[in-house]
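Listing of target-v9.csv; format and content: CSV, C-alpha atoms.
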```csv
chain,number,residue,atom,x,y,z
A,1,MET,CA,-29.8,-3.1,5.1
A,2,ARG,CA,-28.4,-1.5,1.9
A,3,LYS,CA,-26.6,1.1,4.0
A,4,SER,CA,-25.0,-1.7,6.2
A,5,ILE,CA,-23.7,-3.5,3.1
A,6,PHE,CA,-22.4,-0.2,1.7
A,7,ARG,CA,-20.6,0.5,5.0
A,8,PHE,CA,-19.2,-3.1,5.2
A,9,GLY,CA,-18.0,-3.1,1.6
A,10,LEU,CA,-16.3,0.3,1.8
A,11,THR,CA,-14.7,-0.6,5.1
A,12,LEU,CA,-13.2,-3.7,3.5
A,13,CYS,CA,-12.0,-1.5,0.6
A,14,LEU,CA,-10.3,0.8,3.1
A,15,ILE,CA,-8.6,-2.1,4.9
A,16,GLY,CA,-6.9,-2.8,1.6
A,17,SER,CA,-5.1,0.6,2.1
A,18,ALA,CA,-2.6,-1.3,4.2
A,19,ALA,CA,-1.4,-2.8,1.0
A,20,VAL,CA,-0.5,0.6,-0.3
A,21,PHE,CA,2.3,1.6,2.1
A,22,ALA,CA,3.8,-1.5,3.7
A,23,TYR,CA,7.4,-0.3,3.4
A,24,SER,CA,10.3,-1.1,5.8
A,25,GLN,CA,9.5,-4.2,7.7
A,26,ASP,CA,12.6,-5.1,9.7
A,27,GLN,CA,14.1,-1.7,10.8
A,28,LYS,CA,14.0,-0.4,14.3
A,29,ALA,CA,11.3,2.1,14.9
A,30,ALA,CA,12.3,5.7,15.1
A,31,GLN,CA,11.8,7.1,18.6
A,32,PRO,CA,10.9,10.7,19.6
A,33,GLY,CA,14.0,12.9,19.3
A,34,GLU,CA,16.0,10.2,17.4
A,35,LYS,CA,17.6,11.3,14.2
A,36,THR,CA,16.6,9.5,11.0
A,37,PRO,CA,19.5,8.4,8.8
A,38,ALA,CA,19.9,10.2,5.5
A,39,ALA,CA,18.7,8.6,2.3
A,40,THR,CA,21.4,6.3,0.9
A,41,THR,CA,20.2,5.6,-2.7
A,42,PRO,CA,19.8,8.3,-5.3
A,43,ALA,CA,16.2,8.7,-6.3
A,44,SER,CA,17.2,8.7,-10.0
A,45,SER,CA,18.4,5.1,-9.7
A,46,THR,CA,16.6,2.8,-12.2
A,47,VAL,CA,16.9,-0.7,-13.5
A,48,ALA,CA,16.6,-1.0,-17.3
A,49,ILE,CA,13.8,-3.2,-18.7
A,50,SER,CA,14.0,-5.0,-22.0
A,51,ALA,CA,12.1,-7.7,-23.8
A,52,ALA,CA,14.5,-10.2,-22.2
A,53,SER,CA,14.0,-9.0,-18.6
A,54,THR,CA,13.1,-11.9,-16.2
A,55,PRO,CA,10.5,-11.6,-13.5
A,56,LEU,CA,13.4,-11.1,-11.0
A,57,ASP,CA,14.6,-8.2,-13.2
A,58,LEU,CA,11.1,-6.7,-13.2
A,59,ALA,CA,11.0,-6.9,-9.4
A,60,ARG,CA,14.3,-5.2,-9.1
A,61,ALA,CA,13.1,-2.5,-11.5
A,62,ALA,CA,9.9,-2.0,-9.5
A,63,LEU,CA,11.8,-1.6,-6.3
A,64,ALA,CA,14.1,1.0,-7.9
A,65,GLY,CA,11.1,2.8,-9.4
A,66,GLN,CA,9.7,3.3,-5.9
A,67,GLY,CA,13.0,4.7,-4.6
A,68,GLY,CA,15.3,1.7,-4.1
A,69,ASP,CA,16.9,1.5,-0.7
A,70,ASN,CA,15.1,4.7,0.4
A,71,PHE,CA,11.8,2.9,-0.1
A,72,LYS,CA,13.0,-0.4,1.4
A,73,ASN,CA,14.4,1.2,4.5
A,74,LEU,CA,11.8,3.8,5.1
A,75,LYS,CA,11.2,4.5,8.8
A,76,SER,CA,7.8,6.1,8.7
A,77,LEU,CA,5.3,7.6,6.3
A,78,VAL,CA,2.3,9.8,7.0
A,79,LEU,CA,-0.3,10.6,4.4
A,80,ILE,CA,-3.1,13.0,5.0
A,81,GLY,CA,-5.8,13.9,2.5
A,82,GLU,CA,-9.2,13.5,1.0
A,83,VAL,CA,-11.1,10.4,-0.1
A,84,ASP,CA,-14.1,9.7,-2.3
A,85,LEU,CA,-16.0,6.5,-1.6
A,86,TYR,CA,-18.3,4.8,-4.1
A,87,ALA,CA,-20.7,2.0,-3.7
A,88,PRO,CA,-21.2,-0.6,-6.5
A,89,ASN,CA,-22.8,0.9,-9.7
A,90,SER,CA,-22.9,4.4,-8.1
A,91,SER,CA,-21.5,7.5,-9.7
A,92,GLN,CA,-22.2,9.7,-6.6
A,93,PRO,CA,-19.3,9.6,-4.1
A,94,VAL,CA,-19.3,10.0,-0.4
A,95,ALA,CA,-16.6,12.5,0.5
A,96,GLY,CA,-14.4,12.1,3.5
A,97,SER,CA,-10.9,12.6,4.9
A,98,PHE,CA,-8.2,10.2,5.8
A,99,VAL,CA,-4.9,9.7,7.6
A,100,MET,CA,-2.6,6.8,6.9
A,101,VAL,CA,0.5,6.1,9.0
A,102,GLN,CA,3.0,3.4,8.2
A,103,ALA,CA,6.1,2.7,10.3
A,104,SER,CA,8.8,0.1,10.6
A,105,GLY,CA,8.0,-3.1,12.4
A,106,ASP,CA,4.8,-3.6,10.2
A,107,ARG,CA,3.0,-1.0,12.3
A,108,TYR,CA,0.0,0.7,10.6
A,109,ARG,CA,-2.8,3.1,11.3
A,110,LEU,CA,-5.7,4.2,9.2
A,111,GLU,CA,-8.4,6.7,10.1
A,112,VAL,CA,-11.2,7.6,7.7
A,113,SER,CA,-14.1,10.0,8.5
A,114,SER,CA,-17.1,10.5,6.3
A,115,PRO,CA,-20.9,10.7,6.7
A,116,VAL,CA,-21.2,6.9,6.0
A,117,VAL,CA,-17.9,5.4,7.3
A,118,LYS,CA,-16.1,6.5,10.4
A,119,PHE,CA,-13.3,3.9,10.7
A,120,LYS,CA,-10.1,3.4,12.6
A,121,GLN,CA,-7.8,0.4,12.2
A,122,VAL,CA,-4.5,0.0,14.0
A,123,PHE,CA,-1.9,-2.8,13.7
A,124,ASP,CA,0.9,-2.5,16.3
A,125,GLY,CA,3.1,-5.2,14.6
A,126,GLN,CA,1.4,-8.1,16.4
A,127,GLN,CA,-2.2,-7.3,17.1
A,128,THR,CA,-5.0,-5.5,15.5
A,129,PHE,CA,-7.6,-3.0,16.7
A,130,SER,CA,-10.6,-2.2,14.5
A,131,SER,CA,-13.4,0.3,15.3
A,132,ILE,CA,-15.8,-2.1,13.5
A,133,PRO,CA,-16.0,-5.5,15.1
A,134,ASN,CA,-15.0,-8.6,13.1
A,135,LEU,CA,-13.0,-6.7,10.6
A,136,SER,CA,-9.3,-7.4,11.0
A,137,LEU,CA,-6.3,-6.0,9.1
A,138,PRO,CA,-3.9,-8.7,7.7
A,139,ASN,CA,-0.2,-8.2,8.4
A,140,PRO,CA,0.8,-5.4,5.9
A,141,SER,CA,4.1,-7.2,5.2
A,142,LYS,CA,2.2,-10.1,3.6
A,143,PHE,CA,0.7,-8.4,0.6
A,144,GLY,CA,0.9,-5.3,-1.6
A,145,LEU,CA,4.1,-3.3,-1.5
A,146,GLY,CA,5.2,-5.1,1.6
A,147,LEU,CA,6.1,-8.1,-0.6
A,148,LEU,CA,8.1,-5.9,-2.9
A,149,THR,CA,10.5,-5.0,-0.1
A,150,ARG,CA,11.1,-8.7,0.7
A,151,PHE,CA,11.3,-10.3,-2.8
A,152,ASP,CA,15.0,-11.1,-2.4
A,153,GLN,CA,14.6,-12.9,0.9
A,154,SER,CA,14.5,-16.7,1.2
A,155,GLY,CA,11.1,-18.3,0.7
A,156,TYR,CA,9.8,-15.7,-1.7
A,157,ASN,CA,9.0,-16.7,-5.3
A,158,ILE,CA,8.8,-14.5,-8.3
A,159,THR,CA,6.9,-15.7,-11.4
A,160,ALA,CA,6.0,-14.2,-14.8
A,161,LEU,CA,2.5,-12.9,-15.7
A,162,PRO,CA,1.2,-11.9,-19.2
A,163,ASP,CA,2.0,-8.3,-20.1
A,164,LYS,CA,-0.9,-5.8,-20.0
A,165,LYS,CA,-0.7,-3.4,-22.9
A,166,LYS,CA,2.5,-1.4,-22.2
A,167,GLN,CA,2.9,-2.8,-18.7
A,168,ARG,CA,5.1,-5.7,-17.7
A,169,ALA,CA,3.8,-8.0,-15.1
A,170,PHE,CA,5.0,-10.4,-12.4
A,171,ARG,CA,3.8,-12.1,-9.2
A,172,ILE,CA,5.5,-12.3,-5.8
A,173,THR,CA,4.4,-15.1,-3.5
A,174,GLY,CA,5.5,-15.2,0.1
A,175,PRO,CA,6.4,-18.3,2.1
A,176,ASP,CA,2.8,-18.5,3.5
A,177,GLY,CA,1.3,-18.5,0.0
A,178,SER,CA,0.2,-14.8,0.1
A,179,ALA,CA,0.6,-13.3,-3.3
A,180,THR,CA,0.4,-9.9,-5.1
A,181,ASP,CA,0.5,-9.3,-8.9
A,182,PHE,CA,2.4,-6.2,-10.0
A,183,PHE,CA,2.1,-4.3,-13.2
A,184,VAL,CA,4.9,-1.9,-14.0
A,185,ASP,CA,5.7,0.7,-16.6
A,186,ALA,CA,7.7,-0.9,-19.4
A,187,LEU,CA,10.1,2.1,-19.5
A,188,THR,CA,10.5,3.3,-16.0
A,189,GLY,CA,9.7,0.2,-14.0
A,190,ARG,CA,7.5,2.2,-11.7
A,191,VAL,CA,4.6,0.3,-10.2
A,192,LEU,CA,1.3,1.4,-11.8
A,193,GLN,CA,-1.0,-1.2,-10.4
A,194,TYR,CA,-1.1,-4.2,-8.2
A,195,THR,CA,-3.8,-6.7,-7.3
A,196,VAL,CA,-4.3,-8.7,-4.1
A,197,PRO,CA,-6.8,-11.5,-3.4
A,198,PHE,CA,-8.7,-11.0,-0.1
A,199,GLN,CA,-11.7,-12.6,1.6
A,200,GLY,CA,-13.1,-14.0,-1.7
A,201,GLY,CA,-12.6,-10.7,-3.5
A,202,THR,CA,-9.8,-8.8,-5.2
A,203,PHE,CA,-8.2,-5.5,-4.3
A,204,ILE,CA,-6.9,-3.5,-7.2
A,205,VAL,CA,-4.7,-0.5,-6.4
A,206,GLU,CA,-3.5,2.1,-9.0
A,207,GLN,CA,-0.8,4.6,-8.2
A,208,ASP,CA,-0.6,7.9,-10.0
A,209,LYS,CA,0.9,11.4,-9.7
A,210,MET,CA,4.1,10.1,-8.2
A,211,LYS,CA,6.3,12.8,-6.6
A,212,GLU,CA,9.8,12.5,-5.3
A,213,ILE,CA,10.1,13.2,-1.6
A,214,ASP,CA,13.4,12.5,0.3
A,215,GLY,CA,14.7,10.0,-2.2
A,216,LEU,CA,11.5,8.0,-2.8
A,217,PHE,CA,8.5,8.3,-5.0
A,218,VAL,CA,5.1,8.8,-3.2
A,219,PRO,CA,1.8,8.5,-5.1
A,220,HIS,CA,-0.4,11.5,-4.6
A,221,LYS,CA,-3.4,9.9,-6.2
A,222,LEU,CA,-4.5,6.3,-5.4
A,223,ASN,CA,-7.5,4.6,-6.9
A,224,GLN,CA,-8.5,1.5,-5.0
A,225,ARG,CA,-11.2,-1.0,-5.9
A,226,PHE,CA,-12.5,-4.0,-4.0
A,227,GLU,CA,-14.1,-6.4,-6.5
A,228,THR,CA,-16.9,-8.5,-4.9
A,229,PRO,CA,-19.9,-10.5,-6.2
A,230,GLN,CA,-22.0,-7.4,-5.4
A,231,GLY,CA,-19.8,-5.2,-7.5
A,232,ALA,CA,-16.9,-2.9,-7.0
A,233,PHE,CA,-16.4,-0.8,-3.9
A,234,ILE,CA,-14.1,2.1,-4.8
A,235,ALA,CA,-12.0,4.5,-2.7
A,236,GLU,CA,-10.2,7.4,-4.5
A,237,PHE,CA,-7.5,8.9,-2.3
A,238,LYS,CA,-6.0,12.4,-2.9
A,239,VAL,CA,-2.9,13.0,-0.9
A,240,LYS,CA,-2.6,16.6,0.4
A,241,LYS,CA,0.2,16.3,2.9
A,242,VAL,CA,3.2,13.9,3.3
A,243,ASN,CA,5.6,13.4,6.1
A,244,VAL,CA,8.6,11.1,5.5
A,245,ASN,CA,10.8,9.6,8.2
A,246,GLN,CA,9.5,11.8,11.0
A,247,PRO,CA,9.8,10.4,14.5
A,248,LEU,CA,6.5,8.8,15.8
A,249,GLY,CA,5.5,8.1,19.3
A,250,ASP,CA,4.5,4.7,20.4
A,251,ASP,CA,1.0,6.1,21.3
A,252,VAL,CA,0.3,6.4,17.5
A,253,PHE,CA,-0.1,2.6,17.4
A,254,LEU,CA,-2.0,2.0,20.7
A,255,LEU,CA,-4.8,-0.6,20.1
A,256,GLN,CA,-7.7,1.7,20.8
```
What do you get writing this file as C-alpha coordinates?
Amino acid sequence: MRKSIFRFGLTLCLIGSAAVFAYSQDQKAAQPGEKTPAATTPASSTVAISAASTPLDLARAALAGQGGDNFKNLKSLVLIGEVDLYAPNSSQPVAGSFVMVQASGDRYRLEVSSPVVKFKQVFDGQQTFSSIPNLSLPNPSKFGLGLLTRFDQSGYNITALPDKKKQRAFRITGPDGSATDFFVDALTGRVLQYTVPFQGGTFIVEQDKMKEIDGLFVPHKLNQRFETPQGAFIAEFKVKKVNVNQPLGDDVFLLQ
(Lines of atoms letter the chains of each structure in order from A and count residues from 1; the text may use other names and numbers.)
(Lines give C-alpha, C1' and ligand atoms only; values in the text may rest on other atoms or scores of the structure.)
Protein backbone atom coordinates (compact mmCIF):
# COMPACT_ATOMS: atom_id res chain seq x y z
CA MET A 1 0.00 0.00 0.00
CA ARG A 2 2.78 2.42 0.94
CA LYS A 3 4.56 1.69 -2.32
CA SER A 4 1.36 2.43 -4.27
CA ILE A 5 0.94 5.79 -2.50
CA PHE A 6 4.61 6.55 -3.17
CA ARG A 7 4.19 5.76 -6.86
CA PHE A 8 0.96 7.77 -7.11
CA GLY A 9 2.39 10.84 -5.37
CA LEU A 10 5.61 10.83 -7.35
CA THR A 11 3.67 10.48 -10.58
CA LEU A 12 1.56 13.52 -9.71
CA CYS A 13 4.79 15.36 -8.98
CA LEU A 14 6.12 14.40 -12.41
CA ILE A 15 2.92 15.53 -14.11
CA GLY A 16 3.75 18.98 -12.80
CA SER A 17 6.79 18.94 -15.08
CA ALA A 18 4.46 20.14 -17.79
CA ALA A 19 4.42 23.44 -15.95
CA VAL A 20 8.15 23.76 -16.42
CA PHE A 21 8.41 24.09 -20.17
CA ALA A 22 5.14 25.29 -21.65
CA TYR A 23 6.70 27.75 -24.07
CA SER A 24 5.32 28.76 -27.45
CA GLN A 25 1.61 28.02 -27.64
CA ASP A 26 0.37 29.50 -30.89
CA GLN A 27 3.15 28.84 -33.39
CA LYS A 28 3.00 26.33 -36.22
CA ALA A 29 4.87 23.14 -35.34
CA ALA A 30 8.21 22.61 -37.08
CA GLN A 31 8.11 19.70 -39.51
CA PRO A 32 10.96 17.37 -40.44
CA GLY A 33 13.34 19.17 -42.81
CA GLU A 34 11.81 22.56 -42.12
CA LYS A 35 14.22 25.31 -41.12
CA THR A 36 13.60 27.05 -37.84
CA PRO A 37 13.70 30.87 -37.93
CA ALA A 38 16.69 32.43 -36.24
CA ALA A 39 16.35 34.01 -32.82
CA THR A 40 15.03 37.55 -33.02
CA THR A 41 15.61 38.94 -29.54
CA PRO A 42 19.06 39.37 -27.99
CA ALA A 43 19.48 37.11 -24.99
CA SER A 44 20.89 40.02 -23.02
CA SER A 45 17.60 41.95 -23.18
CA THR A 46 16.28 42.77 -19.73
CA VAL A 47 13.60 44.92 -18.18
CA ALA A 48 14.70 47.02 -15.24
CA ILE A 49 12.98 46.41 -11.89
CA SER A 50 12.57 49.09 -9.24
CA ALA A 51 10.58 49.58 -6.07
CA ALA A 52 7.93 51.25 -8.20
CA SER A 53 7.61 48.36 -10.67
CA THR A 54 4.02 47.25 -11.19
CA PRO A 55 2.93 43.59 -11.50
CA LEU A 56 2.81 44.12 -15.26
CA ASP A 57 6.38 45.42 -15.19
CA LEU A 58 7.43 42.32 -13.25
CA ALA A 59 5.76 40.02 -15.78
CA ARG A 60 7.58 41.78 -18.61
CA ALA A 61 10.87 41.47 -16.74
CA ALA A 62 10.23 37.77 -16.08
CA LEU A 63 9.57 37.11 -19.76
CA ALA A 64 12.73 39.01 -20.74
CA GLY A 65 14.68 37.08 -18.11
CA GLN A 66 13.68 33.80 -19.79
CA GLY A 67 14.81 35.03 -23.21
CA GLY A 68 12.06 37.38 -24.36
CA ASP A 69 10.70 36.63 -27.81
CA ASN A 70 13.09 33.70 -28.16
CA PHE A 71 11.33 32.11 -25.20
CA LYS A 72 7.84 33.12 -26.27
CA ASN A 73 8.24 31.88 -29.85
CA LEU A 74 10.19 28.71 -29.14
CA LYS A 75 9.35 25.91 -31.56
CA SER A 76 10.61 22.94 -29.58
CA LEU A 77 12.68 22.03 -26.55
CA VAL A 78 14.06 18.62 -25.58
CA LEU A 79 15.63 18.04 -22.16
CA ILE A 80 17.37 14.79 -21.26
CA GLY A 81 18.91 13.98 -17.91
CA GLU A 82 18.73 12.40 -14.49
CA VAL A 83 16.11 12.69 -11.77
CA ASP A 84 16.07 11.89 -8.06
CA LEU A 85 12.66 11.10 -6.57
CA TYR A 86 11.85 11.47 -2.87
CA ALA A 87 8.84 10.28 -0.89
CA PRO A 88 7.56 12.43 2.02
CA ASN A 89 9.94 12.59 4.98
CA SER A 90 12.53 10.50 3.12
CA SER A 91 16.18 11.45 2.66
CA GLN A 92 16.90 8.46 0.40
CA PRO A 93 16.17 9.20 -3.28
CA VAL A 94 15.13 6.82 -6.02
CA ALA A 95 17.34 7.59 -9.01
CA GLY A 96 16.04 7.57 -12.56
CA SER A 97 16.31 9.15 -15.98
CA PHE A 98 13.95 11.45 -17.86
CA VAL A 99 13.15 12.95 -21.24
CA MET A 100 10.95 16.05 -21.55
CA VAL A 101 9.76 17.27 -24.94
CA GLN A 102 7.79 20.49 -25.42
CA ALA A 103 6.64 21.79 -28.80
CA SER A 104 4.42 24.49 -30.21
CA GLY A 105 0.71 23.84 -30.19
CA ASP A 106 0.79 22.89 -26.48
CA ARG A 107 2.27 19.48 -27.30
CA TYR A 108 4.16 17.76 -24.53
CA ARG A 109 5.83 14.44 -23.75
CA LEU A 110 7.44 13.19 -20.55
CA GLU A 111 9.09 9.85 -19.93
CA VAL A 112 10.61 8.84 -16.60
CA SER A 113 12.24 5.52 -15.83
CA SER A 114 13.22 4.40 -12.32
CA PRO A 115 12.88 1.25 -10.19
CA VAL A 116 9.71 2.71 -8.63
CA VAL A 117 8.12 4.80 -11.39
CA LYS A 118 8.08 4.03 -15.09
CA PHE A 119 5.89 6.72 -16.48
CA LYS A 120 4.96 8.17 -19.86
CA GLN A 121 2.57 11.05 -20.48
CA VAL A 122 1.78 12.59 -23.87
CA PHE A 123 -0.39 15.59 -24.72
CA ASP A 124 -0.89 16.11 -28.46
CA GLY A 125 -2.50 19.53 -28.08
CA GLN A 126 -6.01 18.14 -27.64
CA GLN A 127 -5.92 14.77 -25.91
CA THR A 128 -3.82 13.06 -23.26
CA PHE A 129 -2.28 9.63 -22.95
CA SER A 130 -0.94 8.41 -19.61
CA SER A 131 0.76 5.08 -18.93
CA ILE A 132 -0.92 5.16 -15.50
CA PRO A 133 -4.75 5.13 -15.69
CA ASN A 134 -6.77 8.03 -14.27
CA LEU A 135 -3.81 10.41 -14.21
CA SER A 136 -4.27 13.12 -16.80
CA LEU A 137 -2.08 16.04 -17.79
CA PRO A 138 -3.71 19.48 -17.70
CA ASN A 139 -3.20 21.65 -20.76
CA PRO A 140 0.38 23.01 -20.31
CA SER A 141 -0.68 26.45 -21.53
CA LYS A 142 -2.94 26.94 -18.51
CA PHE A 143 -0.31 26.96 -15.77
CA GLY A 144 3.37 27.49 -15.07
CA LEU A 145 5.51 29.17 -17.69
CA GLY A 146 2.74 28.74 -20.24
CA LEU A 147 0.89 31.62 -18.58
CA LEU A 148 4.01 33.78 -18.75
CA THR A 149 3.96 33.60 -22.56
CA ARG A 150 0.33 34.80 -22.64
CA PHE A 151 0.11 37.45 -19.91
CA ASP A 152 -0.37 40.28 -22.43
CA GLN A 153 -3.35 38.62 -24.12
CA SER A 154 -6.96 39.54 -23.48
CA GLY A 155 -8.53 37.85 -20.47
CA TYR A 156 -5.31 37.42 -18.46
CA ASN A 157 -5.04 39.26 -15.16
CA ILE A 158 -1.80 40.18 -13.34
CA THR A 159 -1.89 41.01 -9.65
CA ALA A 160 0.68 41.83 -6.98
CA LEU A 161 1.86 39.41 -4.28
CA PRO A 162 3.98 40.12 -1.19
CA ASP A 163 7.70 40.13 -1.84
CA LYS A 164 9.71 37.14 -0.61
CA LYS A 165 13.10 38.22 0.77
CA LYS A 166 14.98 39.53 -2.29
CA GLN A 167 12.38 38.21 -4.71
CA ARG A 168 9.54 40.21 -6.24
CA ALA A 169 6.26 38.35 -6.71
CA PHE A 170 3.15 38.49 -8.89
CA ARG A 171 0.29 36.25 -9.98
CA ILE A 172 -1.02 35.57 -13.47
CA THR A 173 -4.62 34.33 -13.73
CA GLY A 174 -5.99 33.00 -16.99
CA PRO A 175 -9.51 33.47 -18.38
CA ASP A 176 -10.57 30.11 -16.92
CA GLY A 177 -9.32 31.01 -13.43
CA SER A 178 -6.11 28.95 -13.58
CA ALA A 179 -3.32 30.80 -11.79
CA THR A 180 0.41 30.66 -11.17
CA ASP A 181 2.41 32.67 -8.63
CA PHE A 182 5.83 33.83 -9.85
CA PHE A 183 8.83 34.84 -7.75
CA VAL A 184 11.59 36.67 -9.65
CA ASP A 185 15.06 37.92 -8.85
CA ALA A 186 14.78 41.59 -7.90
CA LEU A 187 17.86 42.46 -9.98
CA THR A 188 17.63 40.30 -13.11
CA GLY A 189 13.90 39.57 -13.28
CA ARG A 190 14.71 35.92 -13.85
CA VAL A 191 12.08 33.47 -12.59
CA LEU A 192 13.49 31.65 -9.58
CA GLN A 193 10.33 29.92 -8.41
CA TYR A 194 6.67 29.53 -9.26
CA THR A 195 3.80 27.73 -7.58
CA VAL A 196 0.72 26.11 -9.07
CA PRO A 197 -2.36 24.71 -7.27
CA PHE A 198 -3.34 21.24 -8.50
CA GLN A 199 -5.76 18.55 -7.29
CA GLY A 200 -5.88 19.88 -3.74
CA GLY A 201 -2.11 20.24 -3.47
CA THR A 202 0.53 22.72 -4.62
CA PHE A 203 3.38 22.36 -7.09
CA ILE A 204 6.48 24.38 -6.26
CA VAL A 205 9.08 24.61 -9.01
CA GLU A 206 12.52 26.16 -8.52
CA GLN A 207 14.81 26.98 -11.44
CA ASP A 208 18.59 27.05 -11.05
CA LYS A 209 21.81 26.90 -13.07
CA MET A 210 20.36 28.85 -15.99
CA LYS A 211 22.41 28.63 -19.19
CA GLU A 212 21.96 30.63 -22.37
CA ILE A 213 21.20 28.46 -25.39
CA ASP A 214 20.18 29.95 -28.74
CA GLY A 215 18.98 33.19 -27.20
CA LEU A 216 17.00 31.84 -24.27
CA PHE A 217 17.84 30.75 -20.74
CA VAL A 218 17.32 27.10 -19.87
CA PRO A 219 17.50 25.80 -16.29
CA HIS A 220 19.84 22.85 -15.89
CA LYS A 221 18.65 22.13 -12.38
CA LEU A 222 14.99 21.94 -11.40
CA ASN A 223 13.68 21.22 -7.94
CA GLN A 224 10.02 20.32 -7.99
CA ARG A 225 7.80 19.62 -4.99
CA PHE A 226 4.21 18.52 -4.79
CA GLU A 227 2.87 19.51 -1.37
CA THR A 228 0.08 17.20 -0.16
CA PRO A 229 -1.56 16.39 3.20
CA GLN A 230 0.71 13.31 3.28
CA GLY A 231 3.82 15.48 2.90
CA ALA A 232 5.99 16.66 0.02
CA PHE A 233 6.82 14.47 -2.97
CA ILE A 234 10.04 15.78 -4.52
CA ALA A 235 11.64 15.43 -7.93
CA GLU A 236 15.10 16.88 -8.54
CA PHE A 237 15.92 17.10 -12.25
CA LYS A 238 19.48 17.48 -13.55
CA VAL A 239 19.59 18.35 -17.23
CA LYS A 240 22.45 16.76 -19.16
CA LYS A 241 21.46 17.45 -22.76
CA VAL A 242 19.38 20.19 -24.41
CA ASN A 243 18.04 20.48 -27.96
CA VAL A 244 16.45 23.78 -28.97
CA ASN A 245 14.23 24.31 -32.02
CA GLN A 246 15.10 20.99 -33.60
CA PRO A 247 12.48 19.57 -36.01
CA LEU A 248 10.23 16.99 -34.38
CA GLY A 249 8.20 14.32 -36.12
CA ASP A 250 4.50 14.00 -35.39
CA ASP A 251 5.16 10.49 -34.05
CA VAL A 252 6.77 12.07 -30.97
CA PHE A 253 3.29 12.99 -29.76
CA LEU A 254 1.35 9.87 -30.67
CA LEU A 255 -1.08 8.95 -27.88
CA GLN A 256 0.51 5.62 -26.96
Name the residues within 10 Å of (10.8, -9.7, -16.2), counting all atoms listed in the file in the file's coordinates, and put them as a PDB file with C-alpha atoms, in the coordinates of the input.
```pdb
ATOM      1  CA  ILE A  49      13.800  -3.200 -18.700  1.00  0.00           C
ATOM      2  CA  SER A  50      14.000  -5.000 -22.000  1.00  0.00           C
ATOM      3  CA  ALA A  51      12.100  -7.700 -23.800  1.00  0.00           C
ATOM      4  CA  ALA A  52      14.500 -10.200 -22.200  1.00  0.00           C
ATOM      5  CA  SER A  53      14.000  -9.000 -18.600  1.00  0.00           C
ATOM      6  CA  THR A  54      13.100 -11.900 -16.200  1.00  0.00           C
ATOM      7  CA  PRO A  55      10.500 -11.600 -13.500  1.00  0.00           C
ATOM      8  CA  LEU A  56      13.400 -11.100 -11.000  1.00  0.00           C
ATOM      9  CA  ASP A  57      14.600  -8.200 -13.200  1.00  0.00           C
ATOM     10  CA  LEU A  58      11.100  -6.700 -13.200  1.00  0.00           C
ATOM     11  CA  ALA A  59      11.000  -6.900  -9.400  1.00  0.00           C
ATOM     12  CA  ARG A  60      14.300  -5.200  -9.100  1.00  0.00           C
ATOM     13  CA  ALA A  61      13.100  -2.500 -11.500  1.00  0.00           C
ATOM     14  CA  ILE A 158       8.800 -14.500  -8.300  1.00  0.00           C
ATOM     15  CA  THR A 159       6.900 -15.700 -11.400  1.00  0.00           C
ATOM     16  CA  ALA A 160       6.000 -14.200 -14.800  1.00  0.00           C
ATOM     17  CA  LEU A 161       2.500 -12.900 -15.700  1.00  0.00           C
ATOM     18  CA  ASP A 163       2.000  -8.300 -20.100  1.00  0.00           C
ATOM     19  CA  ARG A 168       5.100  -5.700 -17.700  1.00  0.00           C
ATOM     20  CA  ALA A 169       3.800  -8.000 -15.100  1.00  0.00           C
ATOM     21  CA  PHE A 170       5.000 -10.400 -12.400  1.00  0.00           C
ATOM     22  CA  ALA A 186       7.700  -0.900 -19.400  1.00  0.00           C
TER      23      ALA A 186
END
```
**OP:** Extract, using only C-alpha atoms, all DNA, RNA and protein residues at most 10 Å from Gln126 (chain A), discarding same-chain residues fewer than 2 positions from it, and format them as an MDAnalysis selection string.
**Re:** chainID A and resid 105:107 123:124 128 139
Keeping only C-alpha atoms, take the residues you just selected and write them out as an mmCIF file, keeping the file's coordinate frame.
```
data_model
loop_
_atom_site.group_PDB
_atom_site.id
_atom_site.type_symbol
_atom_site.label_atom_id
_atom_site.label_comp_id
_atom_site.auth_asym_id
_atom_site.auth_seq_id
_atom_site.Cartn_x
_atom_site.Cartn_y
_atom_site.Cartn_z
ATOM 1 C CA GLY A 105 8.000 -3.100 12.400
ATOM 2 C CA ASP A 106 4.800 -3.600 10.200
ATOM 3 C CA ARG A 107 3.000 -1.000 12.300
ATOM 4 C CA PHE A 123 -1.900 -2.800 13.700
ATOM 5 C CA ASP A 124 0.900 -2.500 16.300
ATOM 6 C CA THR A 128 -5.000 -5.500 15.500
ATOM 7 C CA ASN A 139 -0.200 -8.200 8.400
#
```
Subject >> Contacts of Gly174 (chain A) within 8 Å, all atoms listed in the file, excl. fewer than 2 positions in-chain, as a ChimeraX atom specification >> reply: /A:142,147,155-157,172,176-179
Original post:
Can you list, as a list of chain:residue names, every protein, DNA or RNA residue that comes within 8 Å of Asp208 (chain A) when you count all atoms listed in the file, leaving out same-chain residues fewer than 5 positions away?
Top reply: A:Leu192, A:Pro219, A:His220, A:Lys221, A:Leu222
**OP:** Go ahead and compute the interatomic distance for CA of Thr195 (chain A) and CA of Thr180 (chain A), in Å to one decimal.
**Re:**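 Rounded to one decimal, the two atoms are 5.7 Å apart.
Taking CA of Ala62 (chain A) as the reference point, CA of Asn223 (chain A) is found at 18.8 Å.
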Subject >> Nearest candidate to Ala64 (chain A) (options A:Val99, A:Val184, A:Ile132, A:Val205; using only C-alpha atoms) >> reply: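 Distance minimum relative to Ala64 (chain A) lands on A:Val184.
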Original post:
Which polymer residues have any atom within 12 Å of an atom of Val218 (chain A), counting all atoms listed in the file, with same-chain residues fewer than 4 positions away left out, as a ChimeraX atom specification?
Top reply: /A:20-21,23,43,65-67,70-71,74,77-79,190-192,207-214,222,238-244
Original post:
Any idea what the distance is between CA of Ala235 (chain A) and CA of Val83 (chain A)?
Top reply: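 Computed distance, CA of Ala235 (chain A) to CA of Val83 (chain A), equals 6.5 Å.
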Original post:
For Glu82 (chain A), which residue among A:Ala103, A:Ser114, A:Leu254, A:Pro162 is the nearest when counting only C-alpha atoms?
Top reply: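 When distances to Glu82 (chain A) are compared using only C-alpha atoms, the smallest one comes from A:Ser114.
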Original post:
When distances are computed from all atoms listed in the file, which of A:Gln199, A:Gln230, A:Gln121, A:Ser113 shows the smallest separation from Phe98 (chain A)?
Top reply: A:Ser113
Subject >> Option closest in space to Val117 (chain A), from A:Phe183, A:Gly146, A:Leu85, A:Ser90 [counting all atoms listed in the file] >> reply: A:Leu85
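Shortest separation to Ile204 (chain A) among A:Lys75, A:Arg109, A:Arg225, A:Lys165 occurs at residue A:Arg225, atoms counted being all atoms listed in the file.
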